[in-house]
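Step one of this worksheet: look at the structure below.
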Amino acid sequence: MSVNRNESSQSCGRIFEIFSSFQGEGTLVGRRQIFIRFAGCPLRCSYCDTPEARNFKAGTEMNVSDVLRCVKALATADLHSISFTGGEPLAQLAFLKEIASKTKSEGFKNYIETSGFNAKAFASVADLFDFASIDIKLRNHNAISHEKYDELYGNEIETVRISAKKGLKTIVKVVVLKGTKAEEIKRICKDIASFDVDFVLQPVSPAEQAEQAEQAEQAEQAEQARRAGQTEQTEQAGERGMRHVEPPSIEEMFKLSEIAGQFIENVHVIPQMHKILGIS
C-alpha cells in the first residue's frame, strides 16, 4: 500500500466536529461559516455550551488533508469564513497553524474564537487570521482557579492588543451572568479602550442550563477518571458554577452597556442567536 508522503508528514490533532452553519455570536452574527471545532480546552467555564468538547481525547484524530477535504465539501456560495473554534484551538497550536495556513492559501478567510489564554501562542498564528473573537473571562465564570485568574486575564488583554495591532477585525466578548460586577466590566473596558475593537456583552443563555449541567457533569466524571492522581479542584469549581448559572436582568444589561460606552465606541448587547434559531 502506497503512502502519500505529504499526508504522512502532516500534523495530526483531535477535531470534535466540522459543520456549516450561521455564526450565532458577536458582530458577525448571521454570517455563514464552516466551523472547525477543536477538541480540548484548559478552562472550565461555568456557562460552557459545548462541555463535551473540553476533553482533549474527544472527537476524531484527523490530519490536515482530512480537515481540508471536509471544508471544501461544505463550502457554499454564501460562505463568509472558516471559524476555528473549540474547545480551545490555541491548545493544539501546531495543528491549528497548519490548517489555517492551508485554508488561507486556498483563499478562505479565517476567523478564530479563543479565550486568549496564551498570548504568545496567539501571536505565533495571528497573521493567518482575518478575524478574532476573544472571550474574556470574569472571576465568576470559574474558568480557572482564583490563584491563576490574574495570569489568565493578563494573557487575554495581551491577545486583544496583538490582534488589534496586527489589523485583525477584533471582537471582544464577555458573557454576562446574573450579578456580574460593574467594576469588572469597567476594568476590562479601560484596559482595551485604546484598541480598535467591537465590544460585545453576551447575556448567558438560560434555556441550555439543565442540559449543560448534565453534559458537564458526565464529561467531568469521565475526565476525572482519566486523570487519576491529578487535582480535581478546577473541575469541581466548574461543576459548582454550572449549577448556579443564571441570566442577568435587562436592567443589568442596560447598566453594563452604559458603563462600557464610557470607554469604548462600539458596544453591542447580543445574545446567542443560534440558540434562538435552534441551530448548531
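How things are named: the first chain in the C-alpha cells is A, the next is B, and so on; residues count from 1 in each chain; ligands count from 1 in the order shown.
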
- Quick one: DSSP strand (DSSP E) residues in region 5-187 of chain A, as a PyMOL selection string? chain A and resi 12-22+32-38+60-63+79-85+110-114+131-135+169-176

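When only C-alpha atoms are used to compute distances to Tyr149 (chain A), the closest of the residues A:Phe117, A:Asp78, A:Ile276, A:Ala123 turns out to be A:Phe117.
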
**OP:** Give me the residues within 10 Å of Phe38 (chain A) as a list in words, counting only C-alpha atoms and dropping any in the same chain fewer than 3 places off.
**Re:** Gly13, Arg14, Ile15, Phe16, Glu17, Ile18, Phe35, Cys41, Ala53, Arg54, Asn55, Phe56, Ala58, Gly59, Thr60, Phe84, Thr85, Gly86, Gly87, Glu88, Pro89, Leu90, Ala91, Gln92, Phe95 and Leu96 of chain A

Would you save the residues of that selection, restricted to N, CA and C atoms, as a short mmCIF file (atom, residue, chain, number, x, y, z; two decimals), in the first residue's frame?
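In the end it all went to out.cif:
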```
data_model
loop_
_atom_site.label_atom_id
_atom_site.label_comp_id
_atom_site.auth_asym_id
_atom_site.auth_seq_id
_atom_site.Cartn_x
_atom_site.Cartn_y
_atom_site.Cartn_z
N GLY A 13 -4.31 16.00 14.77
CA GLY A 13 -4.88 16.52 16.00
C GLY A 13 -6.28 15.98 16.20
N ARG A 14 -6.91 16.42 17.28
CA ARG A 14 -8.25 15.95 17.60
C ARG A 14 -9.27 17.02 17.21
N ILE A 15 -10.19 16.63 16.34
CA ILE A 15 -11.28 17.50 15.92
C ILE A 15 -12.59 16.94 16.45
N PHE A 16 -13.33 17.77 17.12
CA PHE A 16 -14.60 17.30 17.68
C PHE A 16 -15.68 17.23 16.61
N GLU A 17 -15.75 18.26 15.76
CA GLU A 17 -16.73 18.25 14.67
C GLU A 17 -16.39 19.34 13.66
N ILE A 18 -16.86 19.15 12.45
CA ILE A 18 -16.76 20.16 11.39
C ILE A 18 -18.15 20.27 10.76
N PHE A 35 -17.47 25.68 10.58
CA PHE A 35 -16.90 25.63 11.91
C PHE A 35 -16.01 24.40 12.07
N CYS A 41 -9.88 21.82 25.99
CA CYS A 41 -9.82 23.19 26.50
C CYS A 41 -9.25 23.16 27.91
N ALA A 53 -16.85 18.94 24.37
CA ALA A 53 -15.67 19.18 23.55
C ALA A 53 -14.46 19.61 24.38
N ARG A 54 -14.61 19.70 25.70
CA ARG A 54 -13.48 20.14 26.53
C ARG A 54 -12.42 19.06 26.70
N ASN A 55 -12.81 17.83 26.52
CA ASN A 55 -11.90 16.70 26.69
C ASN A 55 -10.92 16.63 25.52
N PHE A 56 -9.61 16.60 25.82
CA PHE A 56 -8.60 16.56 24.78
C PHE A 56 -8.60 15.24 24.00
N ALA A 58 -11.53 13.82 23.08
CA ALA A 58 -12.83 13.75 22.41
C ALA A 58 -12.65 13.84 20.90
N GLY A 59 -13.71 13.55 20.20
CA GLY A 59 -13.69 13.71 18.75
C GLY A 59 -12.90 12.65 18.01
N THR A 60 -12.34 13.04 16.88
CA THR A 60 -11.66 12.12 15.97
C THR A 60 -10.28 12.65 15.63
N PHE A 84 -12.45 28.82 13.41
CA PHE A 84 -11.65 27.89 14.20
C PHE A 84 -12.08 28.07 15.65
N THR A 85 -12.77 27.08 16.18
CA THR A 85 -13.38 27.21 17.49
C THR A 85 -13.09 25.98 18.33
N GLY A 86 -13.71 25.87 19.48
CA GLY A 86 -13.41 24.73 20.34
C GLY A 86 -14.52 24.44 21.32
N GLY A 87 -14.08 23.81 22.43
CA GLY A 87 -12.73 23.67 22.87
C GLY A 87 -11.96 24.98 22.83
N GLU A 88 -10.66 24.84 22.66
CA GLU A 88 -9.76 25.99 22.54
C GLU A 88 -8.74 25.70 21.45
N PRO A 89 -8.90 26.31 20.28
CA PRO A 89 -7.98 25.99 19.17
C PRO A 89 -6.51 26.25 19.47
N LEU A 90 -6.20 27.24 20.30
CA LEU A 90 -4.80 27.53 20.62
C LEU A 90 -4.14 26.41 21.42
N ALA A 91 -4.94 25.52 21.99
CA ALA A 91 -4.39 24.41 22.77
C ALA A 91 -3.80 23.32 21.87
N GLN A 92 -4.11 23.36 20.57
CA GLN A 92 -3.47 22.46 19.60
C GLN A 92 -2.76 23.34 18.57
N PHE A 95 -1.15 22.09 15.05
CA PHE A 95 -2.23 21.61 14.19
C PHE A 95 -3.05 22.78 13.67
N LEU A 96 -3.39 23.70 14.56
CA LEU A 96 -4.12 24.91 14.18
C LEU A 96 -3.37 25.69 13.11
#
```

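Put simply, CA of Ile157 (chain A) is 7.1 Å away from CA of Ile192 (chain A).
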
As a check of understanding: the span from CA of Ser280 (chain A) to CA of Lys104 (chain A) is 24.2 Å

Legend entry - Members of region 39-219 of chain A assigned helix (DSSP H, G or I) by DSSP, as number ranges by chain: A: 51-53, 64-74, 89-105, 119-128, 139-141, 146-165, 182-192, 206-219

Using C-alpha atoms, can you export the residues from the last selection as an mmCIF file, in the first residue's frame?
```
data_model
loop_
_atom_site.group_PDB
_atom_site.id
_atom_site.type_symbol
_atom_site.label_atom_id
_atom_site.label_comp_id
_atom_site.auth_asym_id
_atom_site.auth_seq_id
_atom_site.Cartn_x
_atom_site.Cartn_y
_atom_site.Cartn_z
ATOM 1 C CA PRO A 51 -18.706 20.823 27.594
ATOM 2 C CA GLU A 52 -18.388 17.555 25.695
ATOM 3 C CA ALA A 53 -15.665 19.183 23.554
ATOM 4 C CA VAL A 64 -4.670 18.497 7.755
ATOM 5 C CA SER A 65 -5.760 16.953 4.468
ATOM 6 C CA ASP A 66 -8.721 15.290 6.186
ATOM 7 C CA VAL A 67 -9.830 18.655 7.558
ATOM 8 C CA LEU A 68 -9.348 20.478 4.266
ATOM 9 C CA ARG A 69 -11.393 17.869 2.400
ATOM 10 C CA CYS A 70 -14.256 18.370 4.852
ATOM 11 C CA VAL A 71 -14.038 22.147 4.496
ATOM 12 C CA LYS A 72 -14.135 22.037 0.707
ATOM 13 C CA ALA A 73 -17.085 19.641 0.751
ATOM 14 C CA LEU A 74 -19.055 22.029 2.958
ATOM 15 C CA PRO A 89 -7.981 25.988 19.168
ATOM 16 C CA LEU A 90 -4.797 27.528 20.621
ATOM 17 C CA ALA A 91 -4.394 24.410 22.768
ATOM 18 C CA GLN A 92 -3.473 22.457 19.601
ATOM 19 C CA LEU A 93 -1.152 25.126 18.258
ATOM 20 C CA ALA A 94 0.886 23.258 15.604
ATOM 21 C CA PHE A 95 -2.226 21.606 14.188
ATOM 22 C CA LEU A 96 -4.115 24.905 14.180
ATOM 23 C CA LYS A 97 -1.267 26.677 12.414
ATOM 24 C CA GLU A 98 -1.011 24.100 9.659
ATOM 25 C CA ILE A 99 -4.749 24.011 8.967
ATOM 26 C CA ALA A 100 -5.085 27.812 8.997
ATOM 27 C CA SER A 101 -2.126 28.103 6.607
ATOM 28 C CA LYS A 102 -3.811 25.710 4.195
ATOM 29 C CA THR A 103 -7.243 27.347 4.323
ATOM 30 C CA LYS A 104 -5.680 30.778 3.838
ATOM 31 C CA SER A 105 -3.664 29.565 0.844
ATOM 32 C CA ALA A 119 -0.971 35.361 24.168
ATOM 33 C CA LYS A 120 2.372 34.040 22.919
ATOM 34 C CA ALA A 121 0.630 31.207 21.097
ATOM 35 C CA PHE A 122 -1.872 33.627 19.568
ATOM 36 C CA ALA A 123 0.938 35.915 18.377
ATOM 37 C CA SER A 124 2.515 32.996 16.505
ATOM 38 C CA VAL A 125 -0.626 32.413 14.380
ATOM 39 C CA ALA A 126 -2.267 35.854 14.267
ATOM 40 C CA ASP A 127 -1.038 36.614 10.747
ATOM 41 C CA LEU A 128 -3.044 33.650 9.450
ATOM 42 C CA ARG A 139 -13.950 35.735 38.029
ATOM 43 C CA ASN A 140 -17.474 34.382 38.456
ATOM 44 C CA HIS A 141 -17.099 32.258 35.324
ATOM 45 C CA HIS A 146 -8.724 32.012 41.603
ATOM 46 C CA GLU A 147 -4.949 31.960 42.137
ATOM 47 C CA LYS A 148 -4.359 31.766 38.377
ATOM 48 C CA TYR A 149 -7.033 34.240 37.300
ATOM 49 C CA ASP A 150 -4.792 37.319 37.052
ATOM 50 C CA GLU A 151 -2.374 35.446 34.782
ATOM 51 C CA LEU A 152 -5.262 34.363 32.539
ATOM 52 C CA TYR A 153 -6.638 37.901 32.409
ATOM 53 C CA GLY A 154 -3.242 39.325 31.506
ATOM 54 C CA ASN A 155 -2.921 36.903 28.597
ATOM 55 C CA GLU A 156 -6.412 37.769 27.372
ATOM 56 C CA ILE A 157 -5.749 41.517 27.329
ATOM 57 C CA GLU A 158 -2.404 40.958 25.587
ATOM 58 C CA THR A 159 -4.157 38.793 22.988
ATOM 59 C CA VAL A 160 -6.610 41.623 22.307
ATOM 60 C CA ARG A 161 -3.693 44.051 21.928
ATOM 61 C CA ILE A 162 -1.867 41.768 19.490
ATOM 62 C CA SER A 163 -4.994 41.167 17.430
ATOM 63 C CA ALA A 164 -5.835 44.862 17.127
ATOM 64 C CA LYS A 165 -2.226 45.865 16.415
ATOM 65 C CA ALA A 182 -19.893 46.594 37.152
ATOM 66 C CA GLU A 183 -16.307 47.148 38.288
ATOM 67 C CA GLU A 184 -15.133 44.095 36.352
ATOM 68 C CA ILE A 185 -16.702 45.361 33.131
ATOM 69 C CA LYS A 186 -15.242 48.815 33.777
ATOM 70 C CA ARG A 187 -11.774 47.343 34.302
ATOM 71 C CA ILE A 188 -11.897 45.393 31.038
ATOM 72 C CA CYS A 189 -13.142 48.369 29.061
ATOM 73 C CA LYS A 190 -10.460 50.656 30.486
ATOM 74 C CA ASP A 191 -7.791 48.080 29.640
ATOM 75 C CA ILE A 192 -8.883 47.754 25.995
ATOM 76 C CA PRO A 206 -30.678 30.257 30.215
ATOM 77 C CA ALA A 207 -32.526 27.683 28.118
ATOM 78 C CA GLU A 208 -29.491 25.411 27.885
ATOM 79 C CA GLN A 209 -28.604 25.259 31.560
ATOM 80 C CA ALA A 210 -30.222 21.962 32.529
ATOM 81 C CA GLU A 211 -28.705 20.156 29.530
ATOM 82 C CA GLN A 212 -25.352 21.873 30.063
ATOM 83 C CA ALA A 213 -25.190 20.844 33.684
ATOM 84 C CA GLU A 214 -25.901 17.209 32.857
ATOM 85 C CA GLN A 215 -23.403 17.135 29.991
ATOM 86 C CA ALA A 216 -20.749 18.883 32.023
ATOM 87 C CA GLU A 217 -21.122 16.528 34.941
ATOM 88 C CA GLN A 218 -20.856 13.463 32.710
ATOM 89 C CA ALA A 219 -17.860 14.874 30.839
#
```

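Taking CA of Arg37 (chain A) and CA of Ser145 (chain A) as endpoints, the distance between them is 24.9 Å.
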